[in-house]
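Next comes entry_15.cif, with mmCIF, N, CA and C atoms.
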```cif
data_run
loop_
_atom_site.label_atom_id
_atom_site.label_comp_id
_atom_site.auth_asym_id
_atom_site.auth_seq_id
_atom_site.Cartn_x
_atom_site.Cartn_y
_atom_site.Cartn_z
N MET A 1 101.57 116.40 99.11
CA MET A 1 101.75 116.69 97.71
C MET A 1 102.14 118.15 97.59
N LYS A 2 103.03 118.41 96.66
CA LYS A 2 103.44 119.78 96.34
C LYS A 2 103.17 119.99 94.87
N ALA A 3 102.70 121.18 94.53
CA ALA A 3 102.38 121.47 93.14
C ALA A 3 102.67 122.92 92.82
N ALA A 4 102.85 123.18 91.54
CA ALA A 4 103.06 124.55 91.09
C ALA A 4 102.52 124.71 89.68
N LEU A 5 102.04 125.90 89.41
CA LEU A 5 101.70 126.29 88.05
C LEU A 5 102.84 127.19 87.60
N VAL A 6 103.42 126.88 86.44
CA VAL A 6 104.54 127.67 85.93
C VAL A 6 104.25 128.10 84.50
N GLY A 7 104.85 129.21 84.13
CA GLY A 7 104.74 129.71 82.78
C GLY A 7 106.12 129.82 82.17
N PRO A 8 106.19 130.04 80.88
CA PRO A 8 107.50 130.14 80.22
C PRO A 8 108.25 131.38 80.69
N GLY A 9 109.57 131.25 80.76
CA GLY A 9 110.40 132.40 81.08
C GLY A 9 110.49 133.31 79.86
N THR A 10 111.22 134.37 79.99
CA THR A 10 111.42 135.29 78.87
C THR A 10 112.16 134.58 77.76
N ALA A 11 111.72 134.77 76.55
CA ALA A 11 112.36 134.13 75.40
C ALA A 11 113.80 134.63 75.28
N PRO A 12 114.73 133.73 75.02
CA PRO A 12 116.13 134.14 74.90
C PRO A 12 116.34 134.95 73.62
N SER A 13 117.34 135.78 73.67
CA SER A 13 117.73 136.52 72.47
C SER A 13 119.20 136.27 72.21
N GLY A 14 119.55 136.12 70.98
CA GLY A 14 120.94 135.87 70.63
C GLY A 14 121.40 134.52 71.11
N ASN A 15 122.54 134.50 71.80
CA ASN A 15 123.13 133.24 72.27
C ASN A 15 122.86 132.96 73.74
N GLU A 16 121.89 133.65 74.32
CA GLU A 16 121.58 133.45 75.73
C GLU A 16 120.86 132.11 75.93
N PRO A 17 121.10 131.46 77.08
CA PRO A 17 120.36 130.22 77.36
C PRO A 17 118.90 130.54 77.65
N PRO A 18 118.00 129.56 77.49
CA PRO A 18 116.59 129.81 77.78
C PRO A 18 116.40 130.24 79.24
N ALA A 19 115.48 131.12 79.46
CA ALA A 19 115.19 131.58 80.82
C ALA A 19 114.41 130.49 81.55
N PRO A 20 114.60 130.39 82.88
CA PRO A 20 113.84 129.39 83.63
C PRO A 20 112.36 129.74 83.64
N PRO A 21 111.52 128.74 83.89
CA PRO A 21 110.08 129.00 83.98
C PRO A 21 109.76 129.99 85.10
N VAL A 22 108.63 130.65 84.97
CA VAL A 22 108.17 131.63 85.95
C VAL A 22 107.14 130.95 86.87
N LEU A 23 107.35 131.04 88.17
CA LEU A 23 106.41 130.47 89.14
C LEU A 23 105.17 131.35 89.22
N LEU A 24 104.00 130.76 88.95
CA LEU A 24 102.74 131.50 88.97
C LEU A 24 101.89 131.21 90.20
N HIS A 25 102.02 129.99 90.73
CA HIS A 25 101.20 129.59 91.88
C HIS A 25 101.78 128.32 92.48
N GLU A 26 101.78 128.24 93.81
CA GLU A 26 102.23 127.04 94.52
C GLU A 26 101.11 126.57 95.44
N ALA A 27 101.06 125.26 95.65
CA ALA A 27 100.05 124.70 96.55
C ALA A 27 100.59 123.41 97.18
N ARG A 28 100.07 123.08 98.34
CA ARG A 28 100.42 121.83 99.04
C ARG A 28 99.14 121.19 99.56
N ARG A 29 99.19 119.90 99.65
CA ARG A 29 98.04 119.16 100.15
C ARG A 29 98.54 117.82 100.71
N ALA A 30 97.95 117.35 101.78
CA ALA A 30 98.29 116.04 102.33
C ALA A 30 97.80 114.94 101.39
N THR A 31 98.56 113.85 101.30
CA THR A 31 98.14 112.75 100.42
C THR A 31 96.98 111.97 101.02
N GLY A 32 96.90 111.95 102.35
CA GLY A 32 95.87 111.15 102.99
C GLY A 32 96.13 109.66 102.85
N ARG A 33 97.41 109.29 102.86
CA ARG A 33 97.76 107.89 102.60
C ARG A 33 97.19 106.91 103.61
N GLU A 34 96.80 107.40 104.78
CA GLU A 34 96.19 106.52 105.77
C GLU A 34 94.84 105.99 105.30
N ARG A 35 94.26 106.62 104.26
CA ARG A 35 92.96 106.18 103.72
C ARG A 35 93.11 105.08 102.68
N GLY A 36 94.34 104.74 102.30
CA GLY A 36 94.57 103.65 101.36
C GLY A 36 95.01 104.12 99.99
N PRO A 37 95.56 103.20 99.18
CA PRO A 37 96.13 103.54 97.87
C PRO A 37 95.14 104.17 96.89
N GLU A 38 93.92 103.66 96.84
CA GLU A 38 92.94 104.22 95.91
C GLU A 38 92.58 105.65 96.27
N ALA A 39 92.50 105.92 97.57
CA ALA A 39 92.18 107.27 98.03
C ALA A 39 93.30 108.25 97.69
N VAL A 40 94.55 107.77 97.74
CA VAL A 40 95.68 108.63 97.38
C VAL A 40 95.61 108.98 95.89
N VAL A 41 95.28 108.01 95.06
CA VAL A 41 95.14 108.28 93.62
C VAL A 41 94.05 109.33 93.41
N GLU A 42 92.92 109.19 94.08
CA GLU A 42 91.84 110.17 93.95
C GLU A 42 92.27 111.55 94.45
N SER A 43 93.06 111.58 95.53
CA SER A 43 93.57 112.85 96.03
C SER A 43 94.46 113.53 95.01
N VAL A 44 95.32 112.77 94.34
CA VAL A 44 96.20 113.32 93.31
C VAL A 44 95.36 113.87 92.16
N LEU A 45 94.38 113.09 91.71
CA LEU A 45 93.53 113.51 90.59
C LEU A 45 92.73 114.77 90.95
N ASP A 46 92.17 114.79 92.15
CA ASP A 46 91.38 115.96 92.59
C ASP A 46 92.26 117.20 92.71
N PHE A 47 93.45 117.04 93.27
CA PHE A 47 94.38 118.16 93.44
C PHE A 47 94.76 118.74 92.07
N ALA A 48 95.07 117.87 91.13
CA ALA A 48 95.43 118.33 89.78
C ALA A 48 94.27 119.07 89.13
N ALA A 49 93.06 118.56 89.30
CA ALA A 49 91.89 119.23 88.71
C ALA A 49 91.66 120.60 89.36
N GLU A 50 91.88 120.69 90.67
CA GLU A 50 91.75 121.98 91.35
C GLU A 50 92.78 122.98 90.85
N LEU A 51 94.00 122.53 90.61
CA LEU A 51 95.04 123.42 90.08
C LEU A 51 94.69 123.90 88.68
N ARG A 52 94.16 122.99 87.88
CA ARG A 52 93.73 123.37 86.52
C ARG A 52 92.66 124.46 86.60
N ALA A 53 91.69 124.27 87.48
CA ALA A 53 90.62 125.25 87.65
C ALA A 53 91.17 126.58 88.19
N TYR A 54 92.13 126.51 89.09
CA TYR A 54 92.75 127.73 89.61
C TYR A 54 93.38 128.53 88.47
N GLY A 55 94.09 127.84 87.58
CA GLY A 55 94.71 128.49 86.44
C GLY A 55 93.68 129.19 85.57
N GLU A 56 92.57 128.53 85.33
CA GLU A 56 91.51 129.13 84.52
C GLU A 56 90.94 130.39 85.19
N ARG A 57 90.65 130.28 86.49
CA ARG A 57 90.04 131.39 87.22
C ARG A 57 90.98 132.57 87.43
N HIS A 58 92.21 132.29 87.84
CA HIS A 58 93.10 133.35 88.29
C HIS A 58 94.16 133.77 87.26
N LEU A 59 94.43 132.91 86.30
CA LEU A 59 95.48 133.22 85.33
C LEU A 59 94.94 133.35 83.91
N GLY A 60 93.64 133.11 83.75
CA GLY A 60 93.01 133.32 82.46
C GLY A 60 93.03 132.16 81.51
N GLU A 61 93.72 131.08 81.86
CA GLU A 61 93.73 129.91 80.99
C GLU A 61 94.17 128.69 81.79
N PRO A 62 93.74 127.51 81.35
CA PRO A 62 94.17 126.29 82.04
C PRO A 62 95.59 125.94 81.64
N ALA A 63 96.17 125.03 82.35
CA ALA A 63 97.51 124.54 82.02
C ALA A 63 97.48 123.86 80.65
N ALA A 64 98.58 123.99 79.93
CA ALA A 64 98.71 123.36 78.61
C ALA A 64 99.16 121.91 78.72
N ALA A 65 99.83 121.57 79.82
CA ALA A 65 100.33 120.21 80.05
C ALA A 65 100.61 120.07 81.54
N ALA A 66 100.82 118.84 81.98
CA ALA A 66 101.12 118.59 83.39
C ALA A 66 102.28 117.62 83.49
N GLY A 67 103.05 117.78 84.54
CA GLY A 67 104.12 116.85 84.87
C GLY A 67 103.93 116.40 86.30
N VAL A 68 104.06 115.10 86.53
CA VAL A 68 103.84 114.54 87.85
C VAL A 68 105.04 113.67 88.22
N ALA A 69 105.56 113.87 89.42
CA ALA A 69 106.68 113.08 89.92
C ALA A 69 106.21 112.27 91.12
N VAL A 70 106.49 110.97 91.10
CA VAL A 70 106.05 110.10 92.18
C VAL A 70 107.22 109.27 92.69
N PRO A 71 107.13 108.81 93.94
CA PRO A 71 108.19 107.98 94.51
C PRO A 71 108.08 106.54 94.04
N GLY A 72 109.13 105.79 94.27
CA GLY A 72 109.11 104.36 93.99
C GLY A 72 109.60 104.02 92.61
N ILE A 73 109.12 102.92 92.09
CA ILE A 73 109.51 102.45 90.76
C ILE A 73 108.51 103.00 89.75
N VAL A 74 109.04 103.68 88.73
CA VAL A 74 108.20 104.34 87.75
C VAL A 74 108.58 103.88 86.35
N ASP A 75 107.59 103.53 85.56
CA ASP A 75 107.80 103.27 84.13
C ASP A 75 107.32 104.52 83.40
N ALA A 76 108.26 105.44 83.20
CA ALA A 76 107.91 106.74 82.61
C ALA A 76 107.41 106.59 81.17
N ASP A 77 107.97 105.65 80.42
CA ASP A 77 107.55 105.46 79.03
C ASP A 77 106.09 105.06 78.94
N ARG A 78 105.65 104.20 79.84
CA ARG A 78 104.25 103.74 79.83
C ARG A 78 103.35 104.59 80.72
N GLY A 79 103.96 105.47 81.55
CA GLY A 79 103.17 106.34 82.42
C GLY A 79 102.57 105.62 83.60
N ILE A 80 103.30 104.63 84.13
CA ILE A 80 102.77 103.81 85.21
C ILE A 80 103.62 103.93 86.47
N ALA A 81 102.96 104.18 87.60
CA ALA A 81 103.61 104.09 88.90
C ALA A 81 103.62 102.60 89.25
N VAL A 82 104.74 101.96 89.01
CA VAL A 82 104.83 100.50 89.13
C VAL A 82 104.72 100.05 90.58
N TYR A 83 105.48 100.72 91.46
CA TYR A 83 105.46 100.31 92.86
C TYR A 83 105.91 101.47 93.74
N ALA A 84 105.13 101.81 94.73
CA ALA A 84 105.49 102.81 95.73
C ALA A 84 105.04 102.29 97.09
N THR A 85 105.99 101.78 97.85
CA THR A 85 105.65 101.15 99.12
C THR A 85 104.99 102.13 100.09
N ASN A 86 105.46 103.38 100.14
CA ASN A 86 104.90 104.34 101.09
C ASN A 86 103.47 104.75 100.74
N LEU A 87 103.05 104.56 99.49
CA LEU A 87 101.69 104.90 99.08
C LEU A 87 100.82 103.66 98.86
N GLY A 88 101.44 102.48 98.89
CA GLY A 88 100.70 101.24 98.67
C GLY A 88 100.31 101.03 97.21
N TRP A 89 101.03 101.68 96.29
CA TRP A 89 100.68 101.59 94.87
C TRP A 89 101.37 100.43 94.18
N ARG A 90 100.62 99.79 93.29
CA ARG A 90 101.15 98.78 92.37
C ARG A 90 100.47 98.98 91.03
N ASP A 91 101.28 99.23 90.01
CA ASP A 91 100.79 99.32 88.63
C ASP A 91 99.63 100.31 88.46
N VAL A 92 99.82 101.53 88.92
CA VAL A 92 98.81 102.59 88.79
C VAL A 92 99.08 103.35 87.48
N PRO A 93 98.15 103.34 86.53
CA PRO A 93 98.34 104.05 85.26
C PRO A 93 98.09 105.55 85.43
N LEU A 94 98.92 106.18 86.25
CA LEU A 94 98.67 107.55 86.68
C LEU A 94 98.67 108.56 85.53
N ARG A 95 99.56 108.39 84.57
CA ARG A 95 99.59 109.34 83.45
C ARG A 95 98.25 109.35 82.71
N ASP A 96 97.72 108.18 82.40
CA ASP A 96 96.46 108.10 81.68
C ASP A 96 95.29 108.61 82.52
N LEU A 97 95.29 108.29 83.81
CA LEU A 97 94.22 108.77 84.69
C LEU A 97 94.21 110.30 84.75
N LEU A 98 95.40 110.89 84.87
CA LEU A 98 95.47 112.35 84.92
C LEU A 98 95.11 112.99 83.59
N ALA A 99 95.61 112.42 82.50
CA ALA A 99 95.30 112.97 81.17
C ALA A 99 93.80 112.94 80.92
N GLU A 100 93.15 111.87 81.34
CA GLU A 100 91.70 111.75 81.15
C GLU A 100 90.97 112.81 82.00
N ARG A 101 91.40 112.98 83.25
CA ARG A 101 90.75 113.93 84.15
C ARG A 101 90.97 115.37 83.71
N LEU A 102 92.20 115.69 83.25
CA LEU A 102 92.55 117.07 82.93
C LEU A 102 92.34 117.45 81.48
N GLY A 103 92.36 116.48 80.58
CA GLY A 103 92.20 116.76 79.17
C GLY A 103 93.42 117.41 78.52
N ILE A 104 94.60 117.17 79.10
CA ILE A 104 95.85 117.72 78.57
C ILE A 104 96.93 116.63 78.60
N PRO A 105 98.02 116.83 77.87
CA PRO A 105 99.13 115.86 77.94
C PRO A 105 99.75 115.85 79.34
N VAL A 106 100.16 114.67 79.78
CA VAL A 106 100.76 114.50 81.11
C VAL A 106 102.03 113.69 80.98
N ALA A 107 103.07 114.12 81.68
CA ALA A 107 104.32 113.37 81.78
C ALA A 107 104.43 112.84 83.20
N LEU A 108 104.90 111.61 83.33
CA LEU A 108 105.08 110.99 84.64
C LEU A 108 106.55 110.64 84.81
N GLY A 109 107.11 110.98 85.98
CA GLY A 109 108.50 110.68 86.24
C GLY A 109 108.74 110.30 87.68
N HIS A 110 109.96 109.83 87.94
CA HIS A 110 110.38 109.48 89.28
C HIS A 110 110.71 110.76 90.05
N ASP A 111 110.34 110.82 91.32
CA ASP A 111 110.49 112.07 92.07
C ASP A 111 111.93 112.56 92.19
N VAL A 112 112.88 111.69 92.45
CA VAL A 112 114.26 112.12 92.62
C VAL A 112 114.86 112.56 91.28
N ARG A 113 114.64 111.79 90.25
CA ARG A 113 115.15 112.17 88.93
C ARG A 113 114.54 113.48 88.46
N THR A 114 113.25 113.62 88.63
CA THR A 114 112.56 114.84 88.22
C THR A 114 113.03 116.04 89.03
N GLY A 115 113.24 115.85 90.32
CA GLY A 115 113.76 116.92 91.16
C GLY A 115 115.14 117.37 90.73
N GLY A 116 115.98 116.42 90.37
CA GLY A 116 117.32 116.76 89.88
C GLY A 116 117.27 117.53 88.58
N LEU A 117 116.41 117.12 87.68
CA LEU A 117 116.25 117.84 86.41
C LEU A 117 115.75 119.27 86.65
N ALA A 118 114.80 119.40 87.56
CA ALA A 118 114.25 120.73 87.85
C ALA A 118 115.31 121.62 88.48
N GLU A 119 116.08 121.08 89.40
CA GLU A 119 117.11 121.88 90.04
C GLU A 119 118.17 122.32 89.02
N GLY A 120 118.50 121.45 88.09
CA GLY A 120 119.46 121.81 87.05
C GLY A 120 118.93 122.89 86.13
N ARG A 121 117.63 122.87 85.89
CA ARG A 121 117.03 123.84 84.98
C ARG A 121 116.67 125.15 85.65
N VAL A 122 116.07 125.06 86.83
CA VAL A 122 115.54 126.24 87.50
C VAL A 122 116.46 126.72 88.63
N GLY A 123 117.15 125.81 89.27
CA GLY A 123 118.00 126.15 90.41
C GLY A 123 117.42 125.60 91.70
N ALA A 124 118.22 125.71 92.75
CA ALA A 124 117.82 125.09 94.03
C ALA A 124 116.63 125.75 94.60
#
```
As structure tokens, what does this structure read like?
Amino acid sequence: MKAALVGPGTAPSGNEPPAPPVLLHEARRATGRERGPEAVVESVLDFAAELRAYGERHLGEPAAAAGVAVPGIVDADRGIAVYATNLGWRDVPLRDLLAERLGIPVALGHDVRTGGLAEGRVGA
């Protein structure tokens, strides 16, 4: 798993495009997929909670929202990881699980689509 805490870029002035987000913290963690699908979900939830706590301790406030990108088939509108063969997931309501754990709004997307959007916005 790869994660980052980001903050807003400098507000644009005049006709300038919005500035890209500012990277505040990066972290990586193994999924532990050999322990099974439920354990991977718990690893994701625990990792997100640790990042939230890091933001509170080191940056003075928790994250205002979270975005999560996962492999496989994703129903972004419903917030469900429908199927991910490499993780053994079927119909995991990941958005709701994360929102409940973190207490903030969460967006769920497909990893490749989300990566493309991020590269277009922030750069390679």
| task | Would you mind listing what lies within 5 Å of segment 17-26 of chain A as a list in words, with only N, CA and C atoms counted and same-chain residues fewer than 3 positions away left out? | result | Ala3, Ala4, Leu5, Val6, Gly7, Pro8, Gly9 and Thr10 of chain A
| query | So which bits of segment 23-68 of chain A end up alpha helix (DSSP H) when you DSSP the backbone, as a PyMOL selection string? | reply | chain A and resi 37-59
Could you save those same residues with N, CA and C atoms as a compact mmCIF listing (two decimals), in the coordinates of the input?
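Output (result-v3.txt):
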```txt
# COMPACT_ATOMS: atom_id res chain seq x y z
N PRO A 37 95.56 103.20 99.18
CA PRO A 37 96.13 103.54 97.87
C PRO A 37 95.14 104.17 96.89
N GLU A 38 93.92 103.66 96.84
CA GLU A 38 92.94 104.22 95.91
C GLU A 38 92.58 105.65 96.27
N ALA A 39 92.50 105.92 97.57
CA ALA A 39 92.18 107.27 98.03
C ALA A 39 93.30 108.25 97.69
N VAL A 40 94.55 107.77 97.74
CA VAL A 40 95.68 108.63 97.38
C VAL A 40 95.61 108.98 95.89
N VAL A 41 95.28 108.01 95.06
CA VAL A 41 95.14 108.28 93.62
C VAL A 41 94.05 109.33 93.41
N GLU A 42 92.92 109.19 94.08
CA GLU A 42 91.84 110.17 93.95
C GLU A 42 92.27 111.55 94.45
N SER A 43 93.06 111.58 95.53
CA SER A 43 93.57 112.85 96.03
C SER A 43 94.46 113.53 95.01
N VAL A 44 95.32 112.77 94.34
CA VAL A 44 96.20 113.32 93.31
C VAL A 44 95.36 113.87 92.16
N LEU A 45 94.38 113.09 91.71
CA LEU A 45 93.53 113.51 90.59
C LEU A 45 92.73 114.77 90.95
N ASP A 46 92.17 114.79 92.15
CA ASP A 46 91.38 115.96 92.59
C ASP A 46 92.26 117.20 92.71
N PHE A 47 93.45 117.04 93.27
CA PHE A 47 94.38 118.16 93.44
C PHE A 47 94.76 118.74 92.07
N ALA A 48 95.07 117.87 91.13
CA ALA A 48 95.43 118.33 89.78
C ALA A 48 94.27 119.07 89.13
N ALA A 49 93.06 118.56 89.30
CA ALA A 49 91.89 119.23 88.71
C ALA A 49 91.66 120.60 89.36
N GLU A 50 91.88 120.69 90.67
CA GLU A 50 91.75 121.98 91.35
C GLU A 50 92.78 122.98 90.85
N LEU A 51 94.00 122.53 90.61
CA LEU A 51 95.04 123.42 90.08
C LEU A 51 94.69 123.90 88.68
N ARG A 52 94.16 122.99 87.88
CA ARG A 52 93.73 123.37 86.52
C ARG A 52 92.66 124.46 86.60
N ALA A 53 91.69 124.27 87.48
CA ALA A 53 90.62 125.25 87.65
C ALA A 53 91.17 126.58 88.19
N TYR A 54 92.13 126.51 89.09
CA TYR A 54 92.75 127.73 89.61
C TYR A 54 93.38 128.53 88.47
N GLY A 55 94.09 127.84 87.58
CA GLY A 55 94.71 128.49 86.44
C GLY A 55 93.68 129.19 85.57
N GLU A 56 92.57 128.53 85.33
CA GLU A 56 91.51 129.13 84.52
C GLU A 56 90.94 130.39 85.19
N ARG A 57 90.65 130.28 86.49
CA ARG A 57 90.04 131.39 87.22
C ARG A 57 90.98 132.57 87.43
N HIS A 58 92.21 132.29 87.84
CA HIS A 58 93.10 133.35 88.29
C HIS A 58 94.16 133.77 87.26
N LEU A 59 94.43 132.91 86.30
CA LEU A 59 95.48 133.22 85.33
C LEU A 59 94.94 133.35 83.91
```
| message | What does the structure give for the distance between atom CA of Leu45 of chain A and atom CA of Asp96 of chain A, in Å to one decimal? | response |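 Separation between atom CA of Leu45 of chain A and atom CA of Asp96 of chain A: 10.8 Å.
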| query | If you measure from atom N of Ile104 of chain A to atom CA of Val82 of chain A, what distance in Å do you get, rounded to one decimal? | reply |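 These atoms are spaced 22.0 Å apart.
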| task | Take the PyMOL selection byres ((chain A and resi 81) around 6.5), apply it to the structure above, and return the hits as a ChimeraX atom specification. | result | /A:73-75,79-80,82-84,89-95
To test your reading of the structure, identify every residue in chain A that backbone DSSP assigns to strand (DSSP E or B), and report it as a PDB file with N, CA and C atoms, in the coordinates of the input.
```
ATOM      1  N   LYS A   2     103.030 118.410  96.660  1.00  0.00           N
ATOM      2  CA  LYS A   2     103.440 119.780  96.340  1.00  0.00           C
ATOM      3  C   LYS A   2     103.170 119.990  94.870  1.00  0.00           C
ATOM      4  N   ALA A   3     102.700 121.180  94.530  1.00  0.00           N
ATOM      5  CA  ALA A   3     102.380 121.470  93.140  1.00  0.00           C
ATOM      6  C   ALA A   3     102.670 122.920  92.820  1.00  0.00           C
ATOM      7  N   ALA A   4     102.850 123.180  91.540  1.00  0.00           N
ATOM      8  CA  ALA A   4     103.060 124.550  91.090  1.00  0.00           C
ATOM      9  C   ALA A   4     102.520 124.710  89.680  1.00  0.00           C
ATOM     10  N   LEU A   5     102.040 125.900  89.410  1.00  0.00           N
ATOM     11  CA  LEU A   5     101.700 126.290  88.050  1.00  0.00           C
ATOM     12  C   LEU A   5     102.840 127.190  87.600  1.00  0.00           C
ATOM     13  N   VAL A   6     103.420 126.880  86.440  1.00  0.00           N
ATOM     14  CA  VAL A   6     104.540 127.670  85.930  1.00  0.00           C
ATOM     15  C   VAL A   6     104.250 128.100  84.500  1.00  0.00           C
ATOM     16  N   GLY A   7     104.850 129.210  84.130  1.00  0.00           N
ATOM     17  CA  GLY A   7     104.740 129.710  82.780  1.00  0.00           C
ATOM     18  C   GLY A   7     106.120 129.820  82.170  1.00  0.00           C
ATOM     19  N   VAL A  22     108.630 130.650  84.970  1.00  0.00           N
ATOM     20  CA  VAL A  22     108.170 131.630  85.950  1.00  0.00           C
ATOM     21  C   VAL A  22     107.140 130.950  86.870  1.00  0.00           C
ATOM     22  N   LEU A  23     107.350 131.040  88.170  1.00  0.00           N
ATOM     23  CA  LEU A  23     106.410 130.470  89.140  1.00  0.00           C
ATOM     24  C   LEU A  23     105.170 131.350  89.220  1.00  0.00           C
ATOM     25  N   LEU A  24     104.000 130.760  88.950  1.00  0.00           N
ATOM     26  CA  LEU A  24     102.740 131.500  88.970  1.00  0.00           C
ATOM     27  C   LEU A  24     101.890 131.210  90.200  1.00  0.00           C
ATOM     28  N   HIS A  25     102.020 129.990  90.730  1.00  0.00           N
ATOM     29  CA  HIS A  25     101.200 129.590  91.880  1.00  0.00           C
ATOM     30  C   HIS A  25     101.780 128.320  92.480  1.00  0.00           C
ATOM     31  N   GLU A  26     101.780 128.240  93.810  1.00  0.00           N
ATOM     32  CA  GLU A  26     102.230 127.040  94.520  1.00  0.00           C
ATOM     33  C   GLU A  26     101.110 126.570  95.440  1.00  0.00           C
ATOM     34  N   ALA A  27     101.060 125.260  95.650  1.00  0.00           N
ATOM     35  CA  ALA A  27     100.050 124.700  96.550  1.00  0.00           C
ATOM     36  C   ALA A  27     100.590 123.410  97.180  1.00  0.00           C
ATOM     37  N   ARG A  28     100.070 123.080  98.340  1.00  0.00           N
ATOM     38  CA  ARG A  28     100.420 121.830  99.040  1.00  0.00           C
ATOM     39  C   ARG A  28      99.140 121.190  99.560  1.00  0.00           C
ATOM     40  N   ALA A  66     100.820 118.840  81.980  1.00  0.00           N
ATOM     41  CA  ALA A  66     101.120 118.590  83.390  1.00  0.00           C
ATOM     42  C   ALA A  66     102.280 117.620  83.490  1.00  0.00           C
ATOM     43  N   GLY A  67     103.050 117.780  84.540  1.00  0.00           N
ATOM     44  CA  GLY A  67     104.120 116.850  84.870  1.00  0.00           C
ATOM     45  C   GLY A  67     103.930 116.400  86.300  1.00  0.00           C
ATOM     46  N   VAL A  68     104.060 115.100  86.530  1.00  0.00           N
ATOM     47  CA  VAL A  68     103.840 114.540  87.850  1.00  0.00           C
ATOM     48  C   VAL A  68     105.040 113.670  88.220  1.00  0.00           C
ATOM     49  N   ALA A  69     105.560 113.870  89.420  1.00  0.00           N
ATOM     50  CA  ALA A  69     106.680 113.080  89.920  1.00  0.00           C
ATOM     51  C   ALA A  69     106.210 112.270  91.120  1.00  0.00           C
ATOM     52  N   VAL A  70     106.490 110.970  91.100  1.00  0.00           N
ATOM     53  CA  VAL A  70     106.050 110.100  92.180  1.00  0.00           C
ATOM     54  C   VAL A  70     107.220 109.270  92.690  1.00  0.00           C
ATOM     55  N   ILE A  73     109.120 102.920  92.090  1.00  0.00           N
ATOM     56  CA  ILE A  73     109.510 102.450  90.760  1.00  0.00           C
ATOM     57  C   ILE A  73     108.510 103.000  89.750  1.00  0.00           C
ATOM     58  N   VAL A  74     109.040 103.680  88.730  1.00  0.00           N
ATOM     59  CA  VAL A  74     108.200 104.340  87.750  1.00  0.00           C
ATOM     60  C   VAL A  74     108.580 103.880  86.350  1.00  0.00           C
ATOM     61  N   ASP A  75     107.590 103.530  85.560  1.00  0.00           N
ATOM     62  CA  ASP A  75     107.800 103.270  84.130  1.00  0.00           C
ATOM     63  C   ASP A  75     107.320 104.520  83.400  1.00  0.00           C
ATOM     64  N   ILE A  80     103.300 104.630  84.130  1.00  0.00           N
ATOM     65  CA  ILE A  80     102.770 103.810  85.210  1.00  0.00           C
ATOM     66  C   ILE A  80     103.620 103.930  86.470  1.00  0.00           C
ATOM     67  N   ALA A  81     102.960 104.180  87.600  1.00  0.00           N
ATOM     68  CA  ALA A  81     103.610 104.090  88.900  1.00  0.00           C
ATOM     69  C   ALA A  81     103.620 102.600  89.250  1.00  0.00           C
ATOM     70  N   VAL A  82     104.740 101.960  89.010  1.00  0.00           N
ATOM     71  CA  VAL A  82     104.830 100.500  89.130  1.00  0.00           C
ATOM     72  C   VAL A  82     104.720 100.050  90.580  1.00  0.00           C
ATOM     73  N   TYR A  83     105.480 100.720  91.460  1.00  0.00           N
ATOM     74  CA  TYR A  83     105.460 100.310  92.860  1.00  0.00           C
ATOM     75  C   TYR A  83     105.910 101.470  93.740  1.00  0.00           C
ATOM     76  N   ALA A  84     105.130 101.810  94.730  1.00  0.00           N
ATOM     77  CA  ALA A  84     105.490 102.810  95.730  1.00  0.00           C
ATOM     78  C   ALA A  84     105.040 102.290  97.090  1.00  0.00           C
ATOM     79  N   TRP A  89     101.030 101.680  96.290  1.00  0.00           N
ATOM     80  CA  TRP A  89     100.680 101.590  94.870  1.00  0.00           C
ATOM     81  C   TRP A  89     101.370 100.430  94.180  1.00  0.00           C
ATOM     82  N   ARG A  90     100.620  99.790  93.290  1.00  0.00           N
ATOM     83  CA  ARG A  90     101.150  98.780  92.370  1.00  0.00           C
ATOM     84  C   ARG A  90     100.470  98.980  91.030  1.00  0.00           C
ATOM     85  N   ASP A  91     101.280  99.230  90.010  1.00  0.00           N
ATOM     86  CA  ASP A  91     100.790  99.320  88.630  1.00  0.00           C
ATOM     87  C   ASP A  91      99.630 100.310  88.460  1.00  0.00           C
ATOM     88  N   VAL A  92      99.820 101.530  88.920  1.00  0.00           N
ATOM     89  CA  VAL A  92      98.810 102.590  88.790  1.00  0.00           C
ATOM     90  C   VAL A  92      99.080 103.350  87.480  1.00  0.00           C
ATOM     91  N   VAL A 106     100.160 114.670  79.780  1.00  0.00           N
ATOM     92  CA  VAL A 106     100.760 114.500  81.110  1.00  0.00           C
ATOM     93  C   VAL A 106     102.030 113.690  80.980  1.00  0.00           C
ATOM     94  N   ALA A 107     103.070 114.120  81.680  1.00  0.00           N
ATOM     95  CA  ALA A 107     104.320 113.370  81.780  1.00  0.00           C
ATOM     96  C   ALA A 107     104.430 112.840  83.200  1.00  0.00           C
ATOM     97  N   LEU A 108     104.900 111.610  83.330  1.00  0.00           N
ATOM     98  CA  LEU A 108     105.080 110.990  84.640  1.00  0.00           C
ATOM     99  C   LEU A 108     106.550 110.640  84.810  1.00  0.00           C
ATOM    100  N   GLY A 109     107.110 110.980  85.980  1.00  0.00           N
ATOM    101  CA  GLY A 109     108.500 110.680  86.240  1.00  0.00           C
ATOM    102  C   GLY A 109     108.740 110.300  87.680  1.00  0.00           C
ATOM    103  N   HIS A 110     109.960 109.830  87.940  1.00  0.00           N
ATOM    104  CA  HIS A 110     110.380 109.480  89.280  1.00  0.00           C
ATOM    105  C   HIS A 110     110.710 110.760  90.050  1.00  0.00           C
TER     106      HIS A 110
END
```
| Which is closest to Ala49 of chain A among A:Gly32, A:Gly67, A:Gly72, A:Gly103, if we use only C-alpha atoms? |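 Comparing A:Gly32, A:Gly67, A:Gly72, A:Gly103 against Ala49 of chain A, the winner is A:Gly103.
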| task | Rank nothing, just name the residue among A:Asp111, A:Asp77, A:Arg101, A:Leu87 nearest to Glu34 of chain A, using only N, CA and C atoms. | result |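 Comparing A:Asp111, A:Asp77, A:Arg101, A:Leu87 against Glu34 of chain A, the winner is A:Leu87.
One finds atom C of Arg28 of chain A at 16.0 Å from atom C of Val70 of chain A.
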| Hey, what's within 7 Å of Ala65 of chain A if we count all atoms listed in the file and toss same-chain stuff fewer than 6 positions away? As a PyMOL selection string, please? | chain A and resi 104-107
| field | Residue among A:Val44, A:Pro62, A:Arg113, A:Arg29 lying closest to Lys2 of chain A, counting only C-alpha atoms | value |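 Checking each of A:Val44, A:Pro62, A:Arg113, A:Arg29 against Lys2 of chain A, counting only C-alpha atoms, the winner is A:Arg29.
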